[in-house]
file final_39.cif (mmCIF, C-alpha atoms)
data_query
loop_
_atom_site.label_atom_id
_atom_site.label_comp_id
_atom_site.auth_asym_id
_atom_site.auth_seq_id
_atom_site.Cartn_x
_atom_site.Cartn_y
_atom_site.Cartn_z
CA SER N 1 -85.53 -25.38 -152.84
CA ILE N 2 -84.36 -27.02 -156.05
CA ASN N 3 -81.25 -25.04 -156.85
CA ALA N 4 -77.50 -25.14 -157.48
CA PHE N 5 -75.15 -22.28 -158.24
CA ALA N 6 -71.51 -21.35 -158.79
CA GLY N 7 -70.30 -18.40 -156.74
CA PRO N 8 -67.20 -16.19 -156.66
CA GLY N 9 -64.01 -17.80 -155.44
CA GLY N 10 -64.79 -21.23 -156.88
CA TYR N 11 -67.57 -22.14 -154.45
CA VAL N 12 -70.45 -24.31 -155.66
CA GLY N 13 -73.69 -24.41 -153.67
CA ILE N 14 -76.29 -27.17 -153.73
CA ASN N 15 -79.71 -26.97 -152.10
CA THR N 16 -81.30 -30.04 -150.55
CA GLY N 17 -84.16 -29.96 -153.08
CA LEU N 18 -81.67 -31.00 -155.75
CA PHE N 19 -80.82 -34.17 -153.80
CA THR N 20 -84.45 -35.09 -153.22
CA THR N 21 -85.43 -34.42 -156.87
CA SER N 22 -82.57 -36.36 -158.49
CA GLU N 23 -83.23 -40.09 -158.90
CA ASN N 24 -79.61 -41.25 -158.72
CA GLU N 25 -76.10 -40.02 -158.05
CA SER N 26 -75.31 -39.49 -161.75
CA GLU N 27 -78.11 -36.92 -162.05
CA LEU N 28 -76.80 -34.98 -159.07
CA ALA N 29 -73.28 -35.24 -160.52
CA ALA N 30 -74.56 -33.86 -163.85
CA VAL N 31 -75.69 -30.64 -162.18
CA LEU N 32 -72.44 -30.46 -160.18
CA ALA N 33 -70.36 -30.93 -163.36
CA HIS N 34 -72.29 -28.08 -164.99
CA GLU N 35 -71.66 -25.75 -162.03
CA ILE N 36 -67.99 -26.77 -161.74
CA THR N 37 -67.56 -25.83 -165.41
CA HIS N 38 -68.94 -22.34 -164.67
CA VAL N 39 -66.02 -22.05 -162.21
CA THR N 40 -63.26 -23.54 -164.39
CA GLN N 41 -64.29 -21.44 -167.42
CA ARG N 42 -64.35 -18.23 -165.32
CA HIS N 43 -67.92 -17.42 -166.35
CA ILE N 44 -68.54 -14.98 -163.49
CA ALA N 45 -65.33 -13.04 -164.20
CA ARG N 46 -65.96 -13.09 -167.97
CA GLY N 47 -69.52 -11.89 -167.40
CA ILE N 48 -68.32 -8.95 -165.31
CA GLU N 49 -65.72 -8.04 -167.94
CA HIS N 50 -68.32 -8.21 -170.69
CA ALA N 51 -70.76 -6.06 -168.70
CA GLN N 52 -68.10 -3.40 -168.23
CA GLU N 53 -67.21 -3.43 -171.94
CA SER N 54 -70.85 -3.13 -173.04
CA THR N 55 -71.75 -0.35 -170.60
CA TRP N 56 -70.15 2.59 -172.42
CA PRO N 57 -71.87 2.02 -175.81
CA SER N 58 -75.22 1.87 -174.00
CA VAL N 59 -74.46 5.00 -171.98
CA GLY N 60 -73.42 6.75 -175.19
CA ALA N 61 -76.70 5.83 -176.87
CA ILE N 62 -78.72 7.10 -173.90
CA VAL N 63 -76.76 10.38 -173.73
CA ALA N 64 -77.26 10.91 -177.46
CA ALA N 65 -80.99 10.34 -177.04
CA LEU N 66 -81.13 12.88 -174.20
CA LEU N 67 -79.20 15.48 -176.22
CA LEU N 68 -81.64 15.05 -179.08
CA GLY N 69 -84.57 15.23 -176.69
CA GLY N 70 -84.97 18.98 -177.06
CA LYS N 71 -85.06 18.78 -180.85
CA VAL N 72 -87.40 15.86 -181.47
CA ASP N 73 -90.54 14.37 -180.01
CA THR N 74 -90.16 13.24 -176.39
CA ALA N 75 -91.80 9.91 -177.24
CA VAL N 76 -89.03 9.27 -179.75
CA THR N 77 -86.44 10.15 -177.11
CA SER N 78 -88.05 7.80 -174.57
CA GLY N 79 -88.17 5.07 -177.18
CA ALA N 80 -84.48 5.52 -177.99
CA ILE N 81 -83.53 5.31 -174.30
CA LEU N 82 -85.65 2.18 -173.74
CA THR N 83 -84.22 0.60 -176.90
CA ALA N 84 -80.65 1.19 -175.72
CA ALA N 85 -81.40 -0.27 -172.29
CA ALA N 86 -83.25 -3.26 -173.74
CA GLY N 87 -80.45 -3.89 -176.22
CA LYS N 88 -77.91 -4.04 -173.39
CA MET N 89 -80.09 -6.47 -171.46
CA GLN N 90 -80.64 -8.72 -174.49
CA HIS N 91 -76.91 -8.70 -175.22
CA ALA N 92 -76.23 -9.81 -171.64
CA ILE N 93 -78.86 -12.57 -171.91
CA ASN N 94 -77.32 -13.88 -175.13
CA TYR N 95 -73.89 -13.88 -173.50
CA THR N 96 -75.24 -15.78 -170.46
CA ARG N 97 -76.87 -18.37 -172.72
CA ARG N 98 -73.51 -19.02 -174.34
CA PHE N 99 -72.12 -19.71 -170.87
CA GLU N 100 -74.94 -22.19 -170.22
CA HIS N 101 -74.23 -24.05 -173.47
CA GLU N 102 -70.52 -24.11 -172.68
CA ALA N 103 -71.20 -25.43 -169.17
CA ASP N 104 -73.39 -28.19 -170.63
CA ARG N 105 -70.81 -29.16 -173.26
CA ILE N 106 -67.70 -29.18 -171.05
CA GLY N 107 -69.69 -30.33 -168.02
CA MET N 108 -70.67 -33.54 -169.81
CA ARG N 109 -67.00 -34.33 -170.38
CA VAL N 110 -66.32 -33.66 -166.67
CA LEU N 111 -69.24 -35.95 -165.81
CA TYR N 112 -67.98 -38.76 -168.05
CA ASP N 113 -64.34 -38.43 -166.95
CA SER N 114 -65.52 -38.67 -163.33
CA GLY N 115 -67.04 -42.09 -164.00
CA PHE N 116 -70.70 -41.10 -164.24
CA ASP N 117 -73.31 -41.78 -166.92
CA PRO N 118 -73.36 -38.80 -169.37
CA THR N 119 -76.98 -39.55 -170.35
CA ALA N 120 -77.94 -38.46 -166.82
CA MET N 121 -77.62 -34.81 -167.92
CA PRO N 122 -80.33 -34.84 -170.64
CA ARG N 123 -82.44 -37.17 -168.48
CA PHE N 124 -82.43 -34.70 -165.58
CA PHE N 125 -83.06 -31.79 -167.96
CA GLY N 126 -86.07 -33.66 -169.36
CA ARG N 127 -87.58 -34.22 -165.93
CA MET N 128 -87.02 -30.57 -165.04
CA GLN N 129 -88.79 -29.53 -168.23
CA GLN N 130 -91.76 -31.75 -167.37
CA ARG N 131 -92.02 -29.98 -164.05
CA THR N 132 -92.07 -26.58 -165.78
CA LEU N 133 -95.34 -27.44 -167.57
CA GLY N 134 -97.88 -25.36 -165.70
CA PHE N 135 -94.93 -24.28 -163.56
CA SER N 136 -95.88 -22.40 -160.42
CA ASP N 137 -93.51 -23.88 -157.83
CA ARG N 138 -91.52 -20.99 -156.38
CA ARG N 139 -88.99 -23.40 -154.86
CA MET N 140 -87.60 -24.38 -158.28
CA LYS N 141 -85.03 -21.60 -158.51
CA LEU N 142 -82.83 -23.77 -160.74
CA LEU N 143 -85.29 -23.37 -163.61
CA ARG N 144 -85.24 -19.58 -163.43
CA THR N 145 -81.45 -19.33 -163.55
CA HIS N 146 -80.96 -22.34 -165.88
CA PRO N 147 -83.99 -22.38 -168.22
CA VAL N 148 -84.51 -25.78 -169.85
CA THR N 149 -85.48 -25.74 -173.55
CA GLU N 150 -86.17 -28.41 -176.16
CA ASP N 151 -82.98 -27.37 -177.98
CA ARG N 152 -80.90 -27.72 -174.83
CA ILE N 153 -82.25 -31.19 -174.10
CA ALA N 154 -81.78 -32.34 -177.72
CA ASP N 155 -78.26 -30.90 -177.79
CA SER N 156 -77.23 -32.79 -174.65
CA GLN N 157 -78.90 -36.02 -175.87
CA ASN N 158 -76.96 -35.84 -179.13
CA ARG N 159 -73.70 -35.09 -177.34
CA ALA N 160 -74.17 -38.03 -174.94
CA GLN N 161 -74.27 -40.44 -177.89
CA PHE N 162 -70.63 -39.69 -178.69
CA TYR N 163 -69.45 -41.19 -175.39
CA GLU N 164 -68.81 -44.91 -175.73
CA ASN N 165 -68.66 -47.41 -172.86
CA LYS N 166 -70.90 -45.20 -170.76
CA PRO N 167 -70.55 -45.99 -167.04
CA LYS N 168 -73.79 -47.38 -165.61
CA GLN N 169 -72.86 -48.03 -162.00
CA LEU N 170 -75.34 -46.92 -159.38
CA ASN N 171 -74.51 -45.90 -155.83
CA ARG N 172 -76.93 -48.08 -153.86
CA SER N 173 -76.52 -45.92 -150.76
CA TYR N 174 -77.80 -42.81 -152.57
CA PRO N 175 -81.50 -43.42 -151.68
CA LEU N 176 -80.41 -43.85 -148.05
CA ILE N 177 -78.61 -40.49 -148.19
CA LYS N 178 -81.70 -38.84 -149.70
CA ALA N 179 -84.13 -40.19 -147.07
CA PRO N 180 -83.10 -37.97 -144.10
CA MET N 181 -83.15 -34.90 -146.35
CA ALA N 182 -86.62 -35.72 -147.64
CA ILE N 183 -87.91 -36.26 -144.10
CA LEU N 184 -86.33 -33.12 -142.61
CA THR N 185 -87.34 -30.82 -145.47
CA ALA N 186 -90.94 -32.04 -145.90
CA PRO N 187 -93.41 -29.14 -145.36
CA ALA N 188 -95.31 -31.26 -142.79
CA ARG N 189 -94.21 -34.41 -141.02
CA HIS N 190 -97.50 -36.13 -141.94
CA ASP N 191 -96.70 -35.58 -145.65
CA ALA N 192 -93.37 -37.36 -145.27
CA LEU N 193 -94.97 -40.17 -143.27
CA HIS N 194 -97.66 -40.69 -145.91
CA ALA N 195 -95.13 -40.66 -148.79
CA TYR N 196 -92.74 -43.16 -147.20
CA LYS N 197 -95.53 -45.41 -145.95
CA LYS N 198 -96.74 -45.66 -149.55
CA GLN N 199 -93.18 -46.45 -150.74
CA TRP N 200 -92.79 -49.07 -148.00
CA GLN N 201 -96.07 -50.74 -148.96
CA GLN N 202 -95.16 -50.78 -152.66
CA ALA N 203 -91.57 -51.98 -152.16
CA PRO N 204 -91.31 -53.76 -148.78
CA GLU N 205 -87.95 -55.26 -149.77
CA SER N 206 -86.38 -51.82 -150.35
CA ALA N 207 -83.84 -50.75 -147.72
CA ALA N 208 -84.42 -47.09 -148.63
CA ALA N 209 -88.18 -47.45 -148.15
CA ASP N 210 -87.61 -49.18 -144.77
CA TYR N 211 -85.18 -46.50 -143.66
CA GLY N 212 -87.30 -43.58 -144.86
CA TYR N 213 -90.48 -44.98 -143.28
CA ALA N 214 -88.67 -45.55 -139.98
CA LEU N 215 -87.31 -41.98 -139.97
CA ALA N 216 -90.78 -40.61 -140.82
CA LEU N 217 -92.35 -42.61 -137.94
CA ILE N 218 -89.69 -41.30 -135.52
CA ARG N 219 -90.30 -37.71 -136.65
CA ASP N 220 -94.04 -38.26 -136.20
CA HIS N 221 -93.37 -39.53 -132.64
#
call {"tool": "encode", "arguments": {"input": "final_39.cif", "output": "structure tokens"}}
result
Amino acid sequence: SINAFAGPGGYVGINTGLFTTSENESELAAVLAHEITHVTQRHIARGIEHAQESTWPSVGAIVAALLLGGKVDTAVTSGAILTAAAGKMQHAINYTRRFEHEADRIGMRVLYDSGFDPTAMPRFFGRMQQRTLGFSDRRMKLLRTHPVTEDRIADSQNRAQFYENKPKQLNRSYPLIKAPMAILTAPARHDALHAYKKQWQQAPESAAADYGYALALIRDH
């Protein structure tokens, strides 16, 4: 699946779909920089603290609604309880969105300081957004936990312009690293064979196309 996440204890997980979807190493590094920032800025711990702080006001509102339940219409009571619960959820969503913006902002600096192209972040966001149009692919978990919006893309594009002397180096071995993953994770070996045969025919001088086609032929016996 296409996914990456930051977990407790400073661990960052990357699914193989992220490798096969990214076009170069800078795009993969952009997602990693974002997730690393979630760790360095203690977003999980801060989220837990915030949830604990916001629980008691919500509980108080629900209790008050229940106490008033015998004196007013039950529909009003139900509405008050649902409003309190929805308010807590919306507050948590807003807080999480702030974490996402912070991870984008600081993550781009991490990306740049690590020698990668900062424009890779908005570029990858843009491609993810294109894939959400008519989105029905259940494998794209990244888009459910990190929703891509026009504002988010524009914000990262504007921020990338402030970085001068942007690194442009490309790791030429990256397509070779991606090839085994694409072959091994293809739903059917014939799909992988067809895809790499097409690449090989279109770019016969490409080492990655040669390598991928050879691996696909081996897997297809």
call {"tool": "residues_near_point", "arguments": {"input": "final_39.cif", "point": "(-78.1, -39.3, -170.5)", "cutoff": "9 Å", "atoms": "all atoms listed in the file", "output": "ChimeraX atom specification"}}
result
/N:27,117-124,156-157,160-161
call {"tool": "atom_distance", "arguments": {"input": "final_39.cif", "atom1": "atom CA of N:Arg219", "atom2": "atom CA of N:Asn24"}}
result
24.8 Å
call {"tool": "atom_distance", "arguments": {"input": "final_39.cif", "atom1": "atom CA of N:Pro187", "atom2": "atom CA of N:Arg127"}}
result
22.0 Å
call {"tool": "residues_around", "arguments": {"input": "final_39.cif", "residues": "N:Ala216", "least_positions_apart": "4", "cutoff": "8 Å", "atoms": "all atoms listed in the file", "output": "NGL selection string"}}
result
:N and (183 or 189 or 192-193 or 196 or 212 or 220)
call {"tool": "build_atoms", "arguments": {"input": "final_39.cif", "residues": "stretch 173-185 of chain N", "atoms": "N, CA, C and O atoms", "output": "short mmCIF file (atom, residue, chain, number, x, y, z; two decimals), in the frame of the given file"}}
result
data_model
loop_
_atom_site.label_atom_id
_atom_site.label_comp_id
_atom_site.auth_asym_id
_atom_site.auth_seq_id
_atom_site.Cartn_x
_atom_site.Cartn_y
_atom_site.Cartn_z
N SER N 173 -76.27 -46.64 -152.01
CA SER N 173 -76.52 -45.92 -150.76
C SER N 173 -77.17 -44.56 -151.01
O SER N 173 -77.59 -43.90 -150.06
N TYR N 174 -77.27 -44.14 -152.27
CA TYR N 174 -77.80 -42.81 -152.57
C TYR N 174 -79.24 -42.62 -152.05
O TYR N 174 -79.54 -41.59 -151.44
N PRO N 175 -80.15 -43.59 -152.25
CA PRO N 175 -81.50 -43.42 -151.68
C PRO N 175 -81.49 -43.30 -150.16
O PRO N 175 -82.35 -42.62 -149.58
N LEU N 176 -80.51 -43.95 -149.51
CA LEU N 176 -80.41 -43.85 -148.05
C LEU N 176 -79.95 -42.45 -147.64
O LEU N 176 -80.34 -41.93 -146.58
N ILE N 177 -79.09 -41.85 -148.46
CA ILE N 177 -78.61 -40.49 -148.19
C ILE N 177 -79.75 -39.48 -148.39
O ILE N 177 -79.88 -38.49 -147.65
N LYS N 178 -80.60 -39.74 -149.40
CA LYS N 178 -81.70 -38.84 -149.70
C LYS N 178 -82.78 -38.86 -148.62
O LYS N 178 -83.44 -37.85 -148.37
N ALA N 179 -82.99 -40.03 -147.99
CA ALA N 179 -84.13 -40.19 -147.07
C ALA N 179 -84.16 -39.17 -145.94
O ALA N 179 -85.19 -38.51 -145.72
N PRO N 180 -83.05 -38.97 -145.19
CA PRO N 180 -83.10 -37.97 -144.10
C PRO N 180 -83.41 -36.57 -144.61
O PRO N 180 -84.10 -35.81 -143.94
N MET N 181 -82.88 -36.22 -145.79
CA MET N 181 -83.15 -34.90 -146.35
C MET N 181 -84.63 -34.74 -146.67
O MET N 181 -85.24 -33.70 -146.39
N ALA N 182 -85.21 -35.79 -147.28
CA ALA N 182 -86.62 -35.72 -147.64
C ALA N 182 -87.50 -35.60 -146.39
O ALA N 182 -88.49 -34.85 -146.39
N ILE N 183 -87.13 -36.31 -145.33
CA ILE N 183 -87.91 -36.26 -144.10
C ILE N 183 -87.80 -34.89 -143.44
O ILE N 183 -88.79 -34.28 -143.04
N LEU N 184 -86.57 -34.38 -143.34
CA LEU N 184 -86.33 -33.12 -142.61
C LEU N 184 -86.85 -31.90 -143.36
O LEU N 184 -87.13 -30.87 -142.74
N THR N 185 -86.93 -31.99 -144.69
CA THR N 185 -87.34 -30.82 -145.47
C THR N 185 -88.80 -30.89 -145.91
O THR N 185 -89.27 -29.98 -146.60
#
